[in-house]
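Engineer: Contents of input14.txt (compact mmCIF, C-alpha atoms) are below:
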# COMPACT_ATOMS: atom_id res chain seq x y z
CA MET A 311 13.22 14.44 36.59
CA ALA A 312 12.74 13.03 33.10
CA LEU A 313 9.65 10.89 32.60
CA LYS A 314 9.66 7.46 31.02
CA VAL A 315 9.72 7.30 27.20
CA SER A 316 9.78 4.00 25.33
CA THR A 317 13.17 2.93 24.06
CA THR A 318 11.93 -0.21 22.32
CA ASN A 319 9.35 1.46 20.08
CA ARG A 320 11.61 4.00 18.42
CA ILE A 321 10.93 3.22 14.80
CA PRO A 322 11.96 5.13 11.65
CA PRO A 323 9.59 7.80 10.34
CA PHE A 324 7.23 7.12 7.45
CA LEU A 325 8.87 9.54 5.01
CA ALA A 326 5.90 9.76 2.63
CA MET A 327 3.81 11.10 5.51
CA GLU A 328 6.67 13.38 6.60
CA MET A 329 6.70 14.80 3.09
CA MET A 330 2.93 15.31 3.23
CA ASN A 331 3.37 17.21 6.50
CA ALA A 332 5.94 19.45 4.84
CA THR A 333 3.70 20.16 1.85
CA ARG A 334 0.72 21.06 4.07
CA LYS A 335 2.82 23.66 5.90
CA LEU A 336 4.04 25.13 2.61
CA GLU A 337 0.53 25.28 1.15
CA VAL A 338 -0.78 27.07 4.24
CA ASN A 339 1.73 29.79 3.35
CA GLY A 340 0.53 29.94 -0.25
CA ALA A 341 2.92 27.60 -2.08
CA ASP A 342 1.66 26.16 -5.38
CA LEU A 343 2.73 22.53 -5.15
CA MET A 344 2.46 19.53 -7.43
CA HIS A 345 1.79 16.33 -5.48
CA LEU A 346 3.58 13.13 -6.46
CA GLU A 347 4.31 12.02 -2.89
CA ILE A 348 1.18 10.29 -1.58
CA GLY A 349 -0.73 7.31 -2.98
CA GLN A 350 -4.08 9.00 -2.65
CA PRO A 351 -6.69 9.11 -5.43
CA SER A 352 -7.65 12.66 -6.36
CA THR A 353 -11.22 11.65 -7.14
CA PRO A 354 -13.95 11.20 -4.50
CA PRO A 355 -15.77 7.92 -3.90
CA PRO A 356 -18.64 7.13 -6.30
CA PRO A 357 -21.79 9.21 -5.66
CA ALA A 358 -23.68 6.15 -4.40
CA VAL A 359 -21.14 5.78 -1.58
CA LEU A 360 -21.59 9.38 -0.44
CA GLN A 361 -25.36 9.05 -0.64
CA ALA A 362 -25.31 5.88 1.45
CA LEU A 363 -23.13 7.55 4.08
CA SER A 364 -25.41 10.60 4.21
CA LYS A 365 -28.48 8.40 4.61
CA SER A 366 -26.83 6.39 7.38
CA LEU A 367 -26.22 9.49 9.49
CA GLY A 368 -29.96 9.88 9.99
CA ASN A 369 -30.45 6.26 11.00
CA PRO A 370 -30.36 5.81 14.81
CA GLN A 371 -29.16 2.21 14.39
CA THR A 372 -25.83 3.37 12.97
CA HIS A 373 -25.00 5.50 16.02
CA GLY A 374 -24.04 2.53 18.19
CA TYR A 375 -21.15 0.12 18.38
CA SER A 376 -20.32 -2.20 15.52
CA LEU A 377 -19.39 -5.84 15.89
CA ALA A 378 -15.63 -6.19 16.18
CA PHE A 379 -15.40 -7.81 12.74
CA GLY A 380 -17.86 -5.35 11.22
CA GLU A 381 -21.53 -5.68 10.37
CA MET A 382 -22.57 -8.81 8.50
CA PRO A 383 -24.24 -7.08 5.50
CA LEU A 384 -20.92 -5.47 4.54
CA ARG A 385 -18.99 -8.70 5.09
CA GLN A 386 -21.49 -10.49 2.86
CA ARG A 387 -21.08 -7.81 0.20
CA ILE A 388 -17.29 -8.17 0.35
CA ALA A 389 -17.71 -11.92 -0.14
CA ALA A 390 -19.89 -11.22 -3.19
CA HIS A 391 -17.15 -8.93 -4.52
CA TYR A 392 -14.76 -11.90 -4.52
CA GLN A 393 -17.36 -13.86 -6.46
CA ASP A 394 -17.62 -11.00 -8.97
CA TRP A 395 -13.87 -10.63 -9.49
CA TYR A 396 -12.29 -13.99 -8.74
CA GLY A 397 -15.04 -16.58 -9.03
CA CYS A 398 -14.78 -17.66 -5.38
CA ARG A 399 -16.87 -16.72 -2.38
CA PRO A 400 -15.16 -16.67 1.02
CA ASP A 401 -17.29 -17.30 4.09
CA PRO A 402 -18.42 -13.92 5.50
CA ASP A 403 -17.62 -15.30 8.96
CA ASN A 404 -13.95 -15.29 7.89
CA ILE A 405 -14.05 -11.63 6.82
CA ALA A 406 -13.12 -8.88 9.28
CA VAL A 407 -13.72 -5.21 8.53
CA THR A 408 -10.85 -3.17 9.98
CA LEU A 409 -9.89 0.46 10.62
CA GLY A 410 -7.93 0.68 7.40
CA SER A 411 -5.56 -1.96 6.11
CA SER A 412 -2.82 -0.63 8.40
CA LEU A 413 -4.60 -1.91 11.48
CA GLY A 414 -5.31 -5.10 9.55
CA PHE A 415 -1.57 -5.73 9.32
CA THR A 416 -1.21 -5.03 13.04
CA LEU A 417 -3.95 -7.56 13.81
CA ALA A 418 -2.32 -10.09 11.49
CA PHE A 419 1.08 -9.70 13.16
CA LEU A 420 -0.38 -9.87 16.67
CA GLY A 421 -2.67 -12.79 15.91
CA ALA A 422 -0.29 -15.03 13.99
CA PHE A 423 3.12 -14.35 15.57
CA ASP A 424 4.94 -13.95 18.87
CA ARG A 425 7.65 -11.47 19.83
CA GLY A 426 10.94 -12.51 18.27
CA ASP A 427 9.32 -14.29 15.31
CA ARG A 428 10.77 -13.58 11.87
CA ILE A 429 8.69 -12.33 8.92
CA ALA A 430 10.18 -12.10 5.44
CA LEU A 431 9.15 -9.27 3.14
CA ALA A 432 10.20 -7.78 -0.17
CA ASN A 433 12.75 -4.98 -0.21
CA PRO A 434 11.99 -2.36 -1.50
CA GLY A 435 8.58 -2.43 0.12
CA TYR A 436 5.98 -0.43 1.98
CA PRO A 437 7.81 0.99 5.04
CA ALA A 438 4.95 0.60 7.52
CA TYR A 439 5.20 -3.20 7.24
CA ARG A 440 8.72 -3.11 8.61
CA ASN A 441 8.08 -0.38 11.15
CA ILE A 442 4.98 -2.03 12.63
CA MET A 443 6.91 -5.30 12.94
CA LEU A 444 9.70 -3.54 14.79
CA ALA A 445 7.23 -1.85 17.15
CA LEU A 446 5.70 -5.26 17.95
CA GLY A 447 9.02 -6.95 18.62
CA LEU A 448 9.06 -8.95 15.37
CA GLU A 449 12.11 -9.33 13.16
CA PRO A 450 11.78 -8.26 9.51
CA VAL A 451 13.77 -10.45 7.12
CA LEU A 452 14.39 -8.42 3.98
CA LEU A 453 14.25 -10.18 0.62
CA PRO A 454 16.03 -8.12 -2.05
CA SER A 455 14.04 -7.54 -5.23
CA ARG A 456 15.98 -5.94 -8.05
CA ALA A 457 15.56 -4.96 -11.67
CA ALA A 458 17.55 -7.96 -12.92
CA GLU A 459 14.98 -10.29 -11.32
CA GLY A 460 11.88 -8.40 -12.42
CA TRP A 461 11.61 -6.73 -9.01
CA LEU A 462 10.19 -9.93 -7.49
CA PRO A 463 11.76 -11.43 -4.34
CA ARG A 464 13.14 -14.93 -4.76
CA LEU A 465 11.97 -17.62 -2.37
CA LYS A 466 15.13 -19.61 -3.06
CA SER A 467 17.03 -17.13 -0.91
CA LEU A 468 14.85 -18.22 2.03
CA ALA A 469 15.33 -21.90 1.27
CA ASN A 470 19.08 -21.41 1.59
CA ASP A 471 18.76 -19.99 5.12
CA SER A 472 19.40 -22.30 8.03
CA LYS A 473 16.08 -21.28 9.55
CA LEU A 474 12.94 -20.49 7.58
CA PRO A 475 10.96 -17.41 8.62
CA ASP A 476 7.73 -17.78 10.56
CA GLY A 477 5.87 -15.63 8.05
CA LEU A 478 6.08 -14.12 4.58
CA LEU A 479 4.45 -10.83 3.57
CA LEU A 480 4.08 -9.98 -0.11
CA ALA A 481 2.08 -7.42 -2.07
CA SER A 482 0.67 -7.57 -5.58
CA PRO A 483 0.43 -4.99 -7.07
CA ALA A 484 3.40 -3.86 -5.03
CA ASN A 485 4.27 -0.51 -3.51
CA PRO A 486 6.58 1.15 -4.58
CA THR A 487 7.47 -0.91 -7.66
CA GLY A 488 4.05 -1.51 -9.21
CA VAL A 489 4.96 -5.17 -9.86
CA VAL A 490 2.00 -7.52 -10.42
CA MET A 491 2.47 -11.21 -9.72
CA SER A 492 1.04 -13.67 -12.23
CA ASP A 493 -1.40 -16.32 -11.08
CA VAL A 494 1.32 -18.94 -11.57
CA GLU A 495 3.75 -16.98 -9.39
CA LEU A 496 1.13 -16.41 -6.69
CA LYS A 497 0.11 -20.06 -6.68
CA HIS A 498 3.75 -21.10 -6.32
CA VAL A 499 4.18 -18.78 -3.32
CA CYS A 500 1.04 -20.15 -1.65
CA GLN A 501 2.13 -23.75 -2.20
CA TRP A 502 5.65 -23.04 -0.94
CA CYS A 503 4.32 -21.42 2.24
CA ASP A 504 1.91 -24.27 2.92
CA ALA A 505 4.60 -26.89 2.31
CA ASN A 506 7.11 -25.17 4.59
CA GLY A 507 4.83 -24.09 7.43
CA VAL A 508 5.26 -20.39 6.69
CA ARG A 509 2.26 -18.13 7.33
CA LEU A 510 1.56 -16.01 4.24
CA ILE A 511 0.17 -12.49 4.56
CA MET A 512 -0.90 -11.17 1.17
CA ASP A 513 -1.39 -7.44 0.69
CA GLU A 514 -3.97 -6.97 -2.07
CA ILE A 515 -4.93 -3.34 -1.42
CA TYR A 516 -4.06 -2.25 -4.97
CA HIS A 517 -6.28 -4.84 -6.63
CA GLY A 518 -8.28 -3.23 -9.39
CA LEU A 519 -5.41 -0.86 -10.18
CA THR A 520 -3.72 -2.75 -13.00
CA PHE A 521 -3.50 -1.82 -16.65
CA ASP A 522 -3.72 -5.13 -18.49
CA LYS A 523 -5.61 -7.58 -16.31
CA ARG A 524 -6.78 -7.97 -12.74
CA PRO A 525 -4.44 -9.99 -10.53
CA THR A 526 -5.75 -13.10 -8.87
CA SER A 527 -6.16 -13.43 -5.13
CA ALA A 528 -4.35 -15.67 -2.67
CA VAL A 529 -7.82 -16.76 -1.53
CA LEU A 530 -7.88 -18.95 -4.65
CA HIS A 531 -4.75 -20.87 -3.69
CA SER A 532 -4.45 -21.04 0.09
CA GLU A 533 -6.69 -21.76 3.06
CA SER A 534 -4.01 -20.68 5.53
CA ALA A 535 -3.09 -17.25 4.14
CA ILE A 536 -4.20 -13.93 5.59
CA VAL A 537 -5.47 -11.67 2.80
CA ILE A 538 -5.67 -7.92 3.44
CA ASN A 539 -7.46 -5.34 1.32
CA SER A 540 -8.76 -1.81 1.66
CA PHE A 541 -11.37 0.66 0.49
CA SER A 542 -8.64 3.32 0.19
CA LYS A 543 -7.12 2.86 -3.25
CA TYR A 544 -9.39 1.45 -5.98
CA PHE A 545 -12.49 2.64 -4.14
CA CYS A 546 -11.04 6.16 -3.50
CA MET A 547 -11.83 6.17 0.23
CA THR A 548 -8.44 6.82 1.88
CA GLY A 549 -9.78 9.09 4.62
CA TRP A 550 -12.58 6.69 5.54
CA ARG A 551 -10.07 4.31 7.17
CA LEU A 552 -11.82 1.09 6.26
CA GLY A 553 -10.15 -2.13 5.19
CA TRP A 554 -10.81 -5.82 5.48
CA MET A 555 -9.09 -9.11 6.18
CA ILE A 556 -9.91 -12.62 5.03
CA LEU A 557 -8.76 -14.90 7.82
CA PRO A 558 -8.14 -18.65 8.04
CA ASP A 559 -10.20 -20.55 10.60
CA ASP A 560 -7.37 -20.95 13.08
CA LEU A 561 -6.95 -17.18 13.48
CA LEU A 562 -10.60 -16.15 13.86
CA GLU A 563 -10.91 -16.28 17.64
CA ILE A 564 -7.63 -14.59 18.52
CA THR A 565 -8.07 -11.86 15.88
CA GLU A 566 -11.62 -11.08 16.99
CA ARG A 567 -10.50 -10.72 20.60
CA LEU A 568 -7.70 -8.41 19.54
CA ALA A 569 -10.13 -6.27 17.51
CA GLN A 570 -12.59 -6.11 20.43
CA ASN A 571 -9.93 -4.77 22.73
CA LEU A 572 -7.94 -2.58 20.35
CA TYR A 573 -10.79 -0.63 18.74
CA ILE A 574 -14.12 -2.31 19.65
CA GLY A 575 -15.35 -2.16 16.06
CA PRO A 576 -15.15 -0.11 12.84
CA SER A 577 -17.35 2.94 12.29
CA ARG A 578 -20.93 1.94 11.47
CA PRO A 579 -21.75 4.97 9.26
CA MET A 580 -18.59 4.36 7.23
CA GLN A 581 -19.59 0.73 6.79
CA GLU A 582 -23.01 1.79 5.50
CA GLY A 583 -21.31 4.00 2.93
CA ALA A 584 -18.86 1.27 1.95
CA MET A 585 -21.74 -1.08 1.15
CA ALA A 586 -22.37 0.97 -1.98
CA ALA A 587 -18.74 0.93 -3.11
CA PHE A 588 -19.29 -2.30 -5.03
CA ASP A 589 -22.39 -1.14 -6.91
CA ASP A 590 -20.71 0.39 -9.97
CA TYR A 591 -17.27 -0.81 -10.95
CA ASN A 592 -17.52 1.17 -14.20
CA ILE A 593 -17.13 4.51 -12.42
CA LEU A 594 -14.05 3.29 -10.60
CA ASP A 595 -12.55 1.69 -13.70
CA GLN A 596 -12.61 5.11 -15.37
CA ASN A 597 -10.15 6.25 -12.71
CA VAL A 598 -7.84 3.39 -13.64
CA LEU A 599 -7.78 4.60 -17.24
CA ARG A 600 -6.73 8.01 -15.96
CA TYR A 601 -3.97 6.50 -13.85
CA GLN A 602 -2.67 4.70 -16.91
CA GLU A 603 -2.69 7.96 -18.85
CA ASN A 604 -0.86 9.67 -15.98
CA ARG A 605 1.76 6.95 -15.92
CA ASP A 606 2.27 7.29 -19.65
CA VAL A 607 2.67 11.07 -19.30
CA LEU A 608 5.53 10.60 -16.86
CA LEU A 609 7.16 7.86 -18.92
CA ARG A 610 6.93 9.98 -22.05
CA ASP A 611 7.82 13.40 -20.65
CA LEU A 612 10.51 12.71 -18.05
CA PRO A 613 14.12 12.15 -19.20
CA SER A 614 15.17 8.52 -19.51
CA GLU A 615 18.14 9.25 -17.22
CA PHE A 616 15.71 10.41 -14.53
CA LEU A 617 13.67 7.21 -14.74
CA GLY A 618 16.74 4.99 -15.10
CA ASP A 619 16.35 1.24 -14.68
CA MET A 620 12.91 1.72 -13.17
CA ALA A 621 10.49 -0.89 -11.89
CA PRO A 622 7.81 -1.94 -14.41
CA ALA A 623 4.85 0.10 -13.03
CA GLU A 624 2.31 -2.54 -14.08
CA GLY A 625 -0.12 -1.72 -11.30
CA ALA A 626 -0.92 0.53 -8.34
CA PHE A 627 -0.08 4.16 -9.23
CA TYR A 628 3.65 4.48 -8.66
CA ILE A 629 6.87 4.76 -10.60
CA TYR A 630 9.99 3.67 -8.72
CA ALA A 631 12.62 5.65 -10.59
CA ASP A 632 16.34 4.87 -10.57
CA LEU A 633 18.44 8.05 -10.25
CA LYS A 634 21.87 6.46 -10.69
CA GLN A 635 22.16 7.49 -14.35
CA LEU A 636 21.52 11.17 -13.65
CA SER A 637 24.97 12.05 -12.42
CA LYS A 638 28.44 10.63 -11.98
CA THR A 639 28.19 12.00 -8.46
CA ALA A 640 26.23 9.70 -6.19
CA LEU A 641 22.81 11.18 -5.47
CA ASN A 642 21.01 11.01 -2.16
CA SER A 643 17.27 10.67 -2.62
CA ILE A 644 16.43 12.60 0.56
CA ASP A 645 18.55 15.57 -0.53
CA PHE A 646 17.14 15.25 -4.04
CA THR A 647 13.48 15.27 -2.94
CA ASN A 648 14.07 18.14 -0.52
CA ALA A 649 15.65 20.22 -3.29
CA LEU A 650 12.89 19.29 -5.72
CA LEU A 651 10.26 20.44 -3.23
CA LYS A 652 12.05 23.63 -2.22
CA GLU A 653 13.20 24.75 -5.66
CA ALA A 654 10.57 23.35 -8.05
CA ASN A 655 7.53 22.92 -5.79
CA VAL A 656 7.17 19.25 -6.68
CA ALA A 657 6.69 16.76 -3.85
CA CYS A 658 7.71 13.10 -4.15
CA THR A 659 8.99 10.40 -1.81
CA PRO A 660 12.65 9.39 -1.39
CA GLY A 661 13.39 5.75 -2.11
CA VAL A 662 15.08 5.28 1.26
CA ASP A 663 11.57 5.14 2.72
CA PHE A 664 11.13 1.80 0.95
CA ASP A 665 14.69 0.45 0.96
CA GLN A 666 17.07 1.60 3.68
CA GLU A 667 20.05 -0.04 1.96
CA LEU A 668 19.84 1.05 -1.68
CA GLY A 669 16.89 3.44 -1.65
CA HIS A 670 19.13 6.51 -1.60
CA HIS A 671 19.42 6.00 -5.36
CA TYR A 672 15.66 5.80 -5.99
CA LEU A 673 12.56 7.95 -6.01
CA ARG A 674 8.86 7.08 -5.84
CA LEU A 675 6.51 9.12 -7.99
CA SER A 676 2.79 8.77 -7.37
CA TYR A 677 0.56 9.42 -10.37
CA ALA A 678 -2.76 9.17 -8.53
CA GLY A 679 -3.59 12.84 -9.12
CA GLU A 680 -5.26 14.73 -11.93
CA THR A 681 -3.63 14.42 -15.34
CA GLU A 682 -2.99 18.13 -15.71
CA GLU A 683 -1.17 18.14 -12.38
CA ILE A 684 1.00 15.25 -13.61
CA ARG A 685 1.82 17.20 -16.77
CA ASN A 686 2.68 20.31 -14.77
CA ALA A 687 4.87 18.29 -12.42
CA SER A 688 6.77 16.87 -15.41
CA ARG A 689 7.34 20.35 -16.80
CA ARG A 690 8.64 21.61 -13.49
CA ILE A 691 11.01 18.66 -13.09
CA ASN A 692 12.36 19.10 -16.61
CA SER A 693 12.88 22.83 -16.08
CA TRP A 694 14.57 22.39 -12.70
CA LEU A 695 16.72 19.32 -13.30
CA PRO A 696 19.56 20.81 -15.43
CA SER A 697 20.28 23.59 -12.94
CA TYR A 698 20.24 21.13 -10.03
CA LEU A 699 22.67 18.76 -11.74
CA LYS A 700 25.10 21.65 -12.27
CA THR A 701 25.34 22.06 -8.50
CA LEU A 702 26.62 18.52 -7.98
Please re-express this file's structure in structure tokens.

Structural biologist:
Amino acid sequence: MALKVSTTNRIPPFLAMEMMNATRKLEVNGADLMHLEIGQPSTPPPPAVLQALSKSLGNPQTHGYSLAFGEMPLRQRIAAHYQDWYGCRPDPDNIAVTLGSSLGFTLAFLGAFDRGDRIALANPGYPAYRNIMLALGLEPVLLPSRAAEGWLPRLKSLANDSKLPDGLLLASPANPTGVVMSDVELKHVCQWCDANGVRLIMDEIYHGLTFDKRPTSAVLHSESAIVINSFSKYFCMTGWRLGWMILPDDLLEITERLAQNLYIGPSRPMQEGAMAAFDDYNILDQNVLRYQENRDVLLRDLPSEFLGDMAPAEGAFYIYADLKQLSKTALNSIDFTNALLKEANVACTPGVDFDQELGHHYLRLSYAGETEEIRNASRRINSWLPSYLKTL
């Protein structure tokens, strides 16, 4: 007799992670791959972070449970980080340290919404937003963002609906487009949400990874927004699984109870290491210069038809390339990425991961790796592309 398997939690796969699984299997068998699929910095955390973690392992106090919202010294240091970067200092009591930003989004959805509630989000966008919502019984409301509109979703499309959503989730810098909202645009979004009773969740995990100026935070413009950030990207700590939330007062109690029951508290040794992440921005800013160089390598070396009407790539470390100009025959990004991996040993992520409607025409390229790897990936793509197009 077949055993029970959930029918309500069958969500789409996260294709970037599926691609990473495929590359790991190939590399075990000796394949020489170039990695453009995962948004993972190739550099380790700053030395001070590793030293702090090592020291914490010998401290008996770090072997026990953490508070559900994380230890206060780290929450105070995060608050000081906002003073350093944005000129505001959130109350440490409103800061929750989470097991990565992914669980932060889960806490936000569970704490602020009920099953059946509707949350608007940009499309294309990070697929886990949508998939977590579906798993929790929430309804994603997709807001198209296209090249003609600067890849920013338009709130006027929500205003025309008969029923406003219960929440709005936006990211700046955005994944996969790299779009960075201006302070004026962010302020307008915050004011619109407050005026219309829409709970704003702002994904700021790529803050620090911009090439002209740092974006401003929703903390500056809203007391009701949920702000989510992470140690993964700018701080180069993806495997540490530490993030944080800045919560409004009305969500503190429910979110803390959820954290207590879902995971008790974040790792104490990891928190000790993360304390040192804010000690030397200069080391981390050097990585950003390398990302900019990597981006410029791809923009310079890849054919313009391959990049197409791409998103602006102003921040994060992604290019969202438009493949429609490559061939008169309609391309499928899943088939394209599979062929690119199999035949050229270059891994990237199909755009359908980020946009189930039009993403078959797009490709996300991550340039978070070493510059020489980015150059080699460009060479391989250029060498492989003509022969592939002949098969269409």

Engineer: Compile the contact shell of Arg567 (chain A) as JSON, numbers by chain: residues with an atom at most 12 Å away, counting all atoms listed in the file, same-chain residues fewer than 4 positions apart removed.

Structural biologist: {"A": [377, 378, 379, 406, 417, 420, 421, 561, 562, 563, 571, 572, 573, 574, 575]}

Engineer: Near Phe616 (chain A), counting all atoms listed in the file, which residues have an atom at most 8 Å away, once you skip same-chain residues fewer than 4 positions from it, shown as an MDAnalysis selection string?

Structural biologist: chainID A and resid 612 631:633 635:636

Engineer: List every residue of region 415-506 of chain A that has an atom at most 12 Å from any atom of region 343-352 of chain A, and for each one report the closest atom pair and its distance in Å to one decimal, counting only C-alpha atoms, with rows sorted by chain and then by increasing residue number, as a tab-separated table.

Structural biologist:
residue	atom	partner	partner_atom	distance
A:Tyr436	CA	A:Gly349	CA	11.4
A:Asn485	CA	A:Gly349	CA	9.3
A:Pro486	CA	A:Gly349	CA	9.7
A:Gly488	CA	A:Gly349	CA	11.8

Engineer: Restrict the calculation to all atoms listed in the file, then for each residue of region 529-610 of chain A with any atom at most 10 Å from an atom of region 396-404 of chain A give the closest atom pair and their distance in Å to one decimal, rows by chain and rising residue number, as a Markdown table.

Structural biologist:
| residue | atom | partner | partner_atom | distance |
| --- | --- | --- | --- | --- |
| A:Val529 | CA | A:Pro400 | CA | 7.8 |
| A:Leu530 | CA | A:Cys398 | CA | 7.1 |
| A:Met555 | CA | A:Asn404 | CA | 8.0 |
| A:Ile556 | CA | A:Asn404 | CA | 5.6 |
| A:Leu557 | CA | A:Asn404 | CA | 5.2 |
| A:Pro558 | CA | A:Asn404 | CA | 6.7 |
| A:Asp559 | CA | A:Asn404 | CA | 7.0 |
| A:Leu561 | CA | A:Asn404 | CA | 9.2 |
| A:Leu562 | CA | A:Asn404 | CA | 6.9 |

Engineer: Measuring between only C-alpha atoms, which one of A:Leu384, A:Leu474, A:Val407, A:Val315 shows the shortest distance to Asp427 (chain A)?

Structural biologist: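 Of A:Leu384, A:Leu474, A:Val407, A:Val315, the one nearest Asp427 (chain A) is A:Leu474, counting only C-alpha atoms.
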
Engineer: I'd like the neighbourhood of Phe415 (chain A) as a CSV table (one decimal) with C-alpha atoms, in the coordinates of the input, where a residue qualifies if any of its atoms comes within 9 Å (using only C-alpha atoms), though same-chain residues fewer than 4 positions away should be ignored.

Structural biologist:
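Output file result-v8.csv is given in full below:
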chain,number,residue,atom,x,y,z
A,411,SER,CA,-5.6,-2.0,6.1
A,419,PHE,CA,1.1,-9.7,13.2
A,420,LEU,CA,-0.4,-9.9,16.7
A,439,TYR,CA,5.2,-3.2,7.2
A,442,ILE,CA,5.0,-2.0,12.6
A,511,ILE,CA,0.2,-12.5,4.6
A,513,ASP,CA,-1.4,-7.4,0.7
A,538,ILE,CA,-5.7,-7.9,3.4
A,555,MET,CA,-9.1,-9.1,6.2

Engineer: Pick from A:Glu615, A:Pro475, A:Thr408, A:Ile593: nearest to Arg551 (chain A), with all atoms listed in the file counted?

Structural biologist: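 Among the listed residues, the smallest separation from Arg551 (chain A) belongs to A:Thr408.
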
Engineer: Can you tell me how far CA of Ala586 (chain A) sits from CA of Ser540 (chain A), in Å to one decimal?

Structural biologist: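 Answer for the CA of Ala586 (chain A) to CA of Ser540 (chain A) separation: 14.4 Å.
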
Engineer: Of the candidates A:Lys314, A:Arg440, A:Arg387, A:Arg600, which shows the shortest atom-to-atom distance to Phe588 (chain A), using only C-alpha atoms?

Structural biologist: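 Of A:Lys314, A:Arg440, A:Arg387, A:Arg600, the one nearest Phe588 (chain A) is A:Arg387, counting only C-alpha atoms.
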
Engineer: With distances taken over all atoms listed in the file, which residue among A:Ser376, A:Asn441, A:Gln581, A:Asn433 lies nearest Leu360 (chain A)?

Structural biologist: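 Of A:Ser376, A:Asn441, A:Gln581, A:Asn433, the one nearest Leu360 (chain A), counting all atoms listed in the file, is A:Gln581.
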
Engineer: Considering all atoms listed in the file, can you say which of A:Glu459, A:Glu514, A:Asp589, A:Glu603 comes closest to Leu479 (chain A)?

Structural biologist: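 Looking only at the distances to Leu479 (chain A), the closest residue turns out to be A:Glu514.
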
Engineer: When you draw a straight line from CA of Asp476 (chain A) to CA of Val499 (chain A), how long is it in Å?

Structural biologist: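 CA of Val499 (chain A) lies at a distance of 14.4 Å from CA of Asp476 (chain A).
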
Engineer: Rank A:Ser482, A:Thr681, A:Gln570, A:Ser455 by their smallest atom-to-atom distance to Ala528 (chain A), using all atoms listed in the file, and report the top residue only.

Structural biologist: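 Smallest distance to Ala528 (chain A) is found for A:Ser482.
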
Engineer: What's the 9 Å shell around Arg689 (chain A), counting all atoms listed in the file, without same-chain residues fewer than 4 positions away, as a VMD selection string?

Structural biologist: chain A and resid 611 to 612 684 to 685 693 to 694

Engineer: Using all atoms listed in the file, determine which residues lie at most 8 Å from Lys634 (chain A), disregarding the query and same-chain residues fewer than 4 positions distant; provide the list as a PyMOL selection string.

Structural biologist: chain A and resi 618+638+640-641+671-672

Engineer: Restricting the output to C-alpha atoms, write the selected residues as a PDB file, in the coordinates of the input.

Structural biologist:
ATOM      1  CA  GLY A 618      16.740   4.990 -15.100  1.00  0.00           C
ATOM      2  CA  LYS A 638      28.440  10.630 -11.980  1.00  0.00           C
ATOM      3  CA  ALA A 640      26.230   9.700  -6.190  1.00  0.00           C
ATOM      4  CA  LEU A 641      22.810  11.180  -5.470  1.00  0.00           C
ATOM      5  CA  HIS A 671      19.420   6.000  -5.360  1.00  0.00           C
ATOM      6  CA  TYR A 672      15.660   5.800  -5.990  1.00  0.00           C
TER       7      TYR A 672
END

Engineer: One decimal, Å: what's the distance from CA of Ala569 (chain A) over to CA of Met330 (chain A), could you say?

Structural biologist: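 It comes out at 29.0 Å.
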
Engineer: Just give me the residues with any atom within 10 Å of (6.6, 16.8, -2.0), file coordinates, counting all atoms listed in the file, written as a PyMOL selection string.

Structural biologist: chain A and resi 326-334+336+343-348+647-652+654-660+675

Engineer: Using only the atoms of region 503-521 of chain A listed in the file, plus 3 Å on each side, state the axis-aligned box centre and edge lengths in Å rounded to one decimal, as AutoDock Vina command-line options.

Structural biologist:
--center_x -0.6 --center_y -13.9 --center_z -4.6 --size_x 21.4 --size_y 32.0 --size_z 30.1
